[in-house]
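Participant: What follows is target_29.cif, mmCIF, C-alpha atoms.
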data_target
#
loop_
_atom_site.label_atom_id
_atom_site.label_comp_id
_atom_site.auth_asym_id
_atom_site.auth_seq_id
_atom_site.Cartn_x
_atom_site.Cartn_y
_atom_site.Cartn_z
CA MET A 1 107.01 84.61 90.96
CA ALA A 2 110.67 83.67 91.53
CA ARG A 3 112.55 83.98 94.82
CA GLU A 4 116.30 83.82 95.11
CA PHE A 5 119.00 84.37 97.74
CA VAL A 6 122.12 86.47 97.20
CA THR A 7 125.06 87.62 99.33
CA ILE A 8 125.81 91.36 99.43
CA GLU A 9 129.02 92.80 100.85
CA THR A 10 128.99 96.08 102.82
CA SER A 11 131.65 98.81 102.70
CA ASP A 12 133.15 97.44 105.96
CA GLY A 13 133.37 93.83 104.75
CA ILE A 14 130.18 92.34 106.23
CA ASN A 15 128.36 89.72 104.12
CA LEU A 16 124.57 90.12 104.15
CA ASN A 17 122.11 87.41 103.21
CA ALA A 18 119.40 88.92 101.00
CA ARG A 19 116.34 87.55 99.26
CA ILE A 20 114.88 88.82 95.99
CA PHE A 21 111.16 88.53 95.27
CA ARG A 22 110.69 88.97 91.50
CA PRO A 23 107.26 89.72 90.07
CA LYS A 24 105.85 87.70 87.17
CA THR A 25 105.14 90.90 85.30
CA THR A 26 106.86 94.17 86.12
CA GLN A 27 105.11 97.52 86.45
CA GLU A 28 106.31 100.29 84.15
CA GLY A 29 109.09 102.52 85.51
CA SER A 30 111.52 100.20 87.25
CA LEU A 31 111.10 100.61 91.01
CA ALA A 32 112.18 98.18 93.71
CA VAL A 33 111.06 98.07 97.33
CA VAL A 34 113.81 97.35 99.87
CA LEU A 35 112.45 96.22 103.25
CA VAL A 36 114.36 96.71 106.52
CA HIS A 37 113.40 94.30 109.32
CA PRO A 38 112.70 95.07 113.03
CA TYR A 39 115.30 95.26 115.82
CA SER A 40 117.99 92.59 115.41
CA VAL A 41 118.70 92.47 119.16
CA LEU A 42 115.10 91.38 119.86
CA GLY A 43 115.03 88.71 117.15
CA GLY A 44 114.19 90.84 114.12
CA CYS A 45 114.99 89.14 110.80
CA GLN A 46 114.09 89.28 107.12
CA GLY A 47 111.61 86.43 107.52
CA LEU A 48 109.28 88.88 109.29
CA MET A 49 109.12 90.94 106.08
CA LYS A 50 108.37 87.98 103.80
CA GLY A 51 104.57 88.47 103.76
CA ILE A 52 104.86 92.12 102.73
CA ALA A 53 107.59 91.33 100.17
CA LEU A 54 105.44 88.60 98.60
CA GLY A 55 102.45 90.94 98.46
CA ILE A 56 104.49 93.68 96.78
CA SER A 57 105.90 91.28 94.17
CA GLU A 58 102.40 89.97 93.44
CA ARG A 59 101.43 93.58 92.65
CA GLY A 60 104.19 93.82 90.02
CA PHE A 61 107.09 95.35 91.92
CA LEU A 62 110.48 93.85 92.73
CA ALA A 63 110.95 93.43 96.52
CA VAL A 64 114.13 92.75 98.45
CA THR A 65 114.53 91.64 102.09
CA PHE A 66 117.81 91.03 103.92
CA ASP A 67 119.19 90.05 107.30
CA MET A 68 121.15 92.89 108.85
CA ARG A 69 124.59 92.17 110.32
CA GLY A 70 124.68 89.48 112.99
CA VAL A 71 121.30 88.05 111.99
CA GLY A 72 120.72 84.64 110.33
CA ARG A 73 123.47 83.92 107.80
CA SER A 74 124.71 87.51 107.72
CA THR A 75 128.15 87.99 109.26
CA GLY A 76 129.26 90.59 111.82
CA ARG A 77 127.55 91.74 115.00
CA ALA A 78 124.35 93.69 115.56
CA SER A 79 124.73 97.13 117.15
CA LEU A 80 122.47 98.32 119.97
CA THR A 81 121.59 101.65 118.35
CA GLY A 82 121.42 100.51 114.72
CA SER A 83 124.27 102.83 113.73
CA SER A 84 126.36 100.15 111.97
CA GLU A 85 123.29 98.80 110.22
CA ILE A 86 122.91 102.01 108.20
CA ARG A 87 125.82 100.68 106.11
CA ASP A 88 123.85 97.47 105.55
CA VAL A 89 120.89 99.38 104.09
CA VAL A 90 123.17 101.49 101.87
CA ALA A 91 124.99 98.37 100.59
CA VAL A 92 121.75 96.55 99.74
CA CYS A 93 120.27 99.56 97.94
CA LYS A 94 123.45 100.10 95.94
CA TRP A 95 123.56 96.41 95.00
CA VAL A 96 119.90 96.49 93.93
CA SER A 97 120.40 99.56 91.73
CA GLU A 98 123.57 98.12 90.14
CA ASN A 99 122.43 94.50 89.65
CA LEU A 100 118.65 94.48 89.19
CA SER A 101 118.16 97.11 86.46
CA VAL A 102 116.41 99.44 88.90
CA ASN A 103 116.77 103.20 88.95
CA ARG A 104 114.27 103.97 91.73
CA ILE A 105 114.04 102.48 95.22
CA LEU A 106 111.41 102.81 97.91
CA LEU A 107 112.84 102.14 101.38
CA VAL A 108 110.46 100.55 103.91
CA GLY A 109 111.49 100.15 107.56
CA SER A 110 109.55 98.19 110.19
CA SER A 111 109.82 99.12 113.89
CA ALA A 112 113.54 99.69 114.67
CA GLY A 113 114.19 99.11 110.96
CA ALA A 114 112.41 102.43 110.35
CA PRO A 115 115.01 104.68 112.05
CA ILE A 116 117.85 102.69 110.46
CA ALA A 117 116.29 103.00 106.98
CA GLY A 118 115.55 106.67 107.65
CA SER A 119 119.22 107.38 108.29
CA ALA A 120 120.14 105.83 104.93
CA VAL A 121 117.55 107.61 102.76
CA ASP A 122 119.69 110.58 101.74
CA GLN A 123 122.86 108.48 101.36
CA ILE A 124 121.38 106.71 98.32
CA GLU A 125 120.55 108.74 95.23
CA GLU A 126 118.20 106.04 93.85
CA VAL A 127 115.93 106.17 96.91
CA VAL A 128 112.87 108.21 95.91
CA GLY A 129 110.68 107.67 98.98
CA TYR A 130 110.42 106.20 102.47
CA VAL A 131 107.75 104.29 104.40
CA SER A 132 107.90 103.79 108.16
CA LEU A 133 105.86 101.01 109.77
CA GLY A 134 105.76 101.81 113.49
CA TYR A 135 108.68 104.23 113.88
CA PRO A 136 109.73 104.16 117.58
CA PHE A 137 109.71 107.92 118.28
CA GLY A 138 108.75 107.53 121.97
CA LEU A 139 110.96 108.72 124.83
CA THR A 140 112.26 105.32 125.95
CA ALA A 141 112.95 104.11 122.39
CA SER A 142 114.69 107.43 121.67
CA ILE A 143 117.46 106.48 124.12
CA LEU A 144 118.48 103.87 121.54
CA PHE A 145 117.29 105.38 118.27
CA GLY A 146 117.19 109.16 118.88
CA GLY A 147 120.36 109.62 116.84
CA HIS A 148 118.46 108.55 113.72
CA HIS A 149 115.56 111.06 113.95
CA LYS A 150 117.27 114.08 112.39
CA ALA A 151 118.22 112.37 109.10
CA ILE A 152 114.69 111.36 108.07
CA LEU A 153 112.99 114.49 109.41
CA GLN A 154 115.38 116.70 107.41
CA SER A 155 115.22 114.62 104.23
CA PRO A 156 113.30 116.34 101.40
CA LYS A 157 112.21 112.94 100.01
CA PRO A 158 108.50 111.90 100.31
CA LYS A 159 107.66 110.04 103.52
CA LEU A 160 104.77 107.93 104.81
CA PHE A 161 104.48 107.08 108.51
CA VAL A 162 102.14 104.20 109.38
CA MET A 163 101.33 103.54 113.04
CA GLY A 164 98.73 101.94 115.28
CA THR A 165 96.99 104.31 117.70
CA ARG A 166 97.88 101.92 120.54
CA ASP A 167 101.50 101.57 119.45
CA GLY A 168 102.93 101.41 122.98
CA PHE A 169 106.34 102.84 122.02
CA THR A 170 105.07 106.05 120.41
CA SER A 171 101.86 107.95 121.11
CA VAL A 172 99.90 109.66 118.33
CA LYS A 173 100.81 113.00 119.96
CA GLN A 174 104.54 112.13 119.95
CA LEU A 175 104.33 111.18 116.26
CA GLU A 176 102.50 114.40 115.37
CA ASN A 177 104.96 116.55 117.33
CA LYS A 178 107.96 114.92 115.66
CA LEU A 179 106.52 115.30 112.17
CA LYS A 180 105.84 119.04 112.63
CA SER A 181 109.50 119.67 111.85
CA ALA A 182 109.68 117.21 108.92
CA ALA A 183 110.73 118.50 105.49
CA GLY A 184 109.11 117.65 102.15
CA GLN A 185 105.96 115.62 101.51
CA VAL A 186 104.86 113.89 104.73
CA GLU A 187 101.87 111.54 105.04
CA THR A 188 100.59 109.63 108.06
CA HIS A 189 98.23 106.67 108.26
CA LEU A 190 96.91 105.67 111.69
CA LEU A 191 95.38 102.25 112.39
CA GLU A 192 92.73 102.68 115.05
CA GLY A 193 93.18 100.52 118.16
CA VAL A 194 96.16 98.59 116.77
CA SER A 195 99.29 97.93 118.86
CA HIS A 196 102.93 97.99 117.71
CA PHE A 197 103.46 94.22 117.61
CA GLN A 198 99.96 93.57 116.25
CA MET A 199 100.76 95.76 113.23
CA GLU A 200 104.05 93.87 112.75
CA GLY A 201 102.13 90.57 112.64
CA PRO A 202 101.12 88.71 109.46
CA SER A 203 97.43 89.60 109.80
CA TYR A 204 98.29 93.21 108.83
CA ASP A 205 100.63 92.37 105.94
CA ALA A 206 97.95 92.83 103.26
CA GLN A 207 97.02 96.25 104.64
CA MET A 208 100.71 97.28 104.72
CA VAL A 209 101.07 96.17 101.09
CA ASP A 210 98.04 98.27 100.06
CA LEU A 211 99.49 101.35 101.81
CA ILE A 212 102.93 100.84 100.23
CA ILE A 213 101.48 100.33 96.71
CA GLY A 214 99.28 103.40 97.17
CA PHE A 215 102.28 105.45 98.24
CA ILE A 216 104.31 104.27 95.21
CA GLY A 217 101.52 105.70 93.05
CA SER A 218 102.14 109.15 94.55
CA LEU A 219 105.89 109.15 93.81
#
Please render this file's structure as structure tokens.
Facilitator:
Amino acid sequence: MAREFVTIETSDGINLNARIFRPKTTQEGSLAVVLVHPYSVLGGCQGLMKGIALGISERGFLAVTFDMRGVGRSTGRASLTGSSEIRDVVAVCKWVSENLSVNRILLVGSSAGAPIAGSAVDQIEEVVGYVSLGYPFGLTASILFGGHHKAILQSPKPKLFVMGTRDGFTSVKQLENKLKSAAGQVETHLLEGVSHFQMEGPSYDAQMVDLIIGFIGSL
């Protein structure tokens, strides 16, 4: 399995450092998984998505991680609300579809990466589905990320929301209430007794990979 780094330019001139995880053998029907890392302001970076990306590539799918603006070797500055970072997700997905012989993309967002990815879903034709790992729907988090909710809830594209029942940012009730208004195919998977940062940790990577691969099978 080969790994390589590339630089991707956004529509507003930011250079993003991305990493491609190529599988040894590719599954039929070219689909790539683009992973969006947790909140840049709190130290989120593509390295946190490496375990999941490796697991996905080992299962035969191309995976791509990247540092959003202002993180690692990526230029520019991180925004507090993740509004500028939507352009980063769009740029990476467009680059993937144009350069990696891929016509279908699954967008996966972790923590604050979930609302950012959710806002980009309907801006990219090649995106056929969306997976959220710990979407921060709670009241406090909504001060920062509330502006992103509408886009993913209104999107007709298939969605999977994964969350620990002890998330800390979002209660199960808050998740259920939000998803009542969601369009299209909506699935949820709750991890009993698991906290937000626990689920983000490497010990849950294999479980996240299984859920993502299972979801790809339903697309």
Participant: So which one's closest to A:Gly55, A:Ile212, A:Leu107, A:Ala141, A:Leu191? Using all atoms listed in the file, please.
Facilitator: A:Ile212
Participant: Can you turn the PyMOL selection byres ((chain A and resi 165) around 10) into a concrete residue list for this file, as number ranges by chain?
Facilitator: A: 162-164, 166-168, 170-173, 189-196
Participant: Give as number ranges by chain the residues that the PyMOL selection byres ((chain A and resi 90) around 10) matches when applied to the coordinates above.
Facilitator: A: 10-11, 85-89, 91-96, 117, 119-124, 127
Participant: Pull out every residue that the PyMOL selection byres ((chain A and resi 126) around 7) matches in the shown coordinates and put them as a short mmCIF file (atom, residue, chain, number, x, y, z; two decimals) with C-alpha atoms, keeping the file's coordinate frame.
Facilitator:
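Dumped everything to result00.cif:
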data_model
loop_
_atom_site.label_atom_id
_atom_site.label_comp_id
_atom_site.auth_asym_id
_atom_site.auth_seq_id
_atom_site.Cartn_x
_atom_site.Cartn_y
_atom_site.Cartn_z
CA ASN A 103 116.77 103.20 88.95
CA ARG A 104 114.27 103.97 91.73
CA ILE A 105 114.04 102.48 95.22
CA ILE A 124 121.38 106.71 98.32
CA GLU A 125 120.55 108.74 95.23
CA VAL A 127 115.93 106.17 96.91
CA VAL A 128 112.87 108.21 95.91
#
Participant: Find the distance between atom CA of A:Ser110 and atom CA of A:Tyr135 and write it in Å to one decimal.
Facilitator: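 Here the two named atoms are 7.1 Å from each other.
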Participant: My list of candidates is A:Phe169, A:Pro23, A:Arg69, A:Glu58. Which is closest to A:Thr140 when distances are computed with all atoms listed in the file?
Facilitator: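 Counting all atoms listed in the file, the residue closest to A:Thr140 is A:Phe169.
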Participant: Name all residues at most 7 Å from A:Leu106 (count all atoms listed in the file; drop same-chain ones fewer than 3 positions away) and give them as a PDB file with C-alpha atoms, in the frame of the given file.
Facilitator:
ATOM      1  CA  ALA A  32     112.180  98.180  93.710  1.00  0.00           C
ATOM      2  CA  VAL A  33     111.060  98.070  97.330  1.00  0.00           C
ATOM      3  CA  VAL A  34     113.810  97.350  99.870  1.00  0.00           C
ATOM      4  CA  VAL A 127     115.930 106.170  96.910  1.00  0.00           C
ATOM      5  CA  VAL A 128     112.870 108.210  95.910  1.00  0.00           C
ATOM      6  CA  GLY A 129     110.680 107.670  98.980  1.00  0.00           C
ATOM      7  CA  TYR A 130     110.420 106.200 102.470  1.00  0.00           C
TER       8      TYR A 130
END
Participant: Between atom CA of A:Leu100 and atom CA of A:Leu16, what distance in Å does the model show, to one decimal?
Facilitator: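 We find that atom CA of A:Leu100 and atom CA of A:Leu16 lie 16.7 Å from each other.
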Participant: Of the candidates A:Gly72, A:Gly43, A:Gly51, A:Gly60, which one gets nearest to A:Lys24 if we count only C-alpha atoms?
Facilitator: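 Comparing A:Gly72, A:Gly43, A:Gly51, A:Gly60 against A:Lys24, the winner is A:Gly60.
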Participant: Which residue, A:Gly82, A:Gly214, A:Gly44, A:Gly76, has the smallest gap to A:Val131 when you use only C-alpha atoms?
Facilitator: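 Using only C-alpha atoms, the shortest distance to A:Val131 belongs to A:Gly214.
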Participant: Between atom CA of A:Phe161 and atom CA of A:Arg22, measure the distance and give it in Å to one decimal.
Facilitator: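 If I compute the distance from atom CA of A:Phe161 to atom CA of A:Arg22, I get 25.6 Å.
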Participant: Identify which of the residues A:Gln198, A:Val41, A:Ser181, A:Pro115 lies closest to A:Arg77, counting only C-alpha atoms when measuring atom-to-atom distances.
Facilitator: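 For A:Arg77, the nearest of the given residues is A:Val41.
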Participant: Using only C-alpha atoms, find the one residue out of A:Ala151, A:Leu211, A:Leu35, A:Leu42 that sits nearest to A:Ala183.
Facilitator: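 So, comparing all the options, the nearest one is A:Ala151.
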Participant: Give, as JSON, the centre coordinates and the x, y and z edge lengths in Å to one decimal for an axis-aligned box around all listed atoms of stretch 52-59 of chain A, padded by 3 Å on each side.
Facilitator:
{"center_x": 104.5, "center_y": 91.1, "center_z": 97.7, "size_x": 12.2, "size_y": 11.1, "size_z": 16.1}
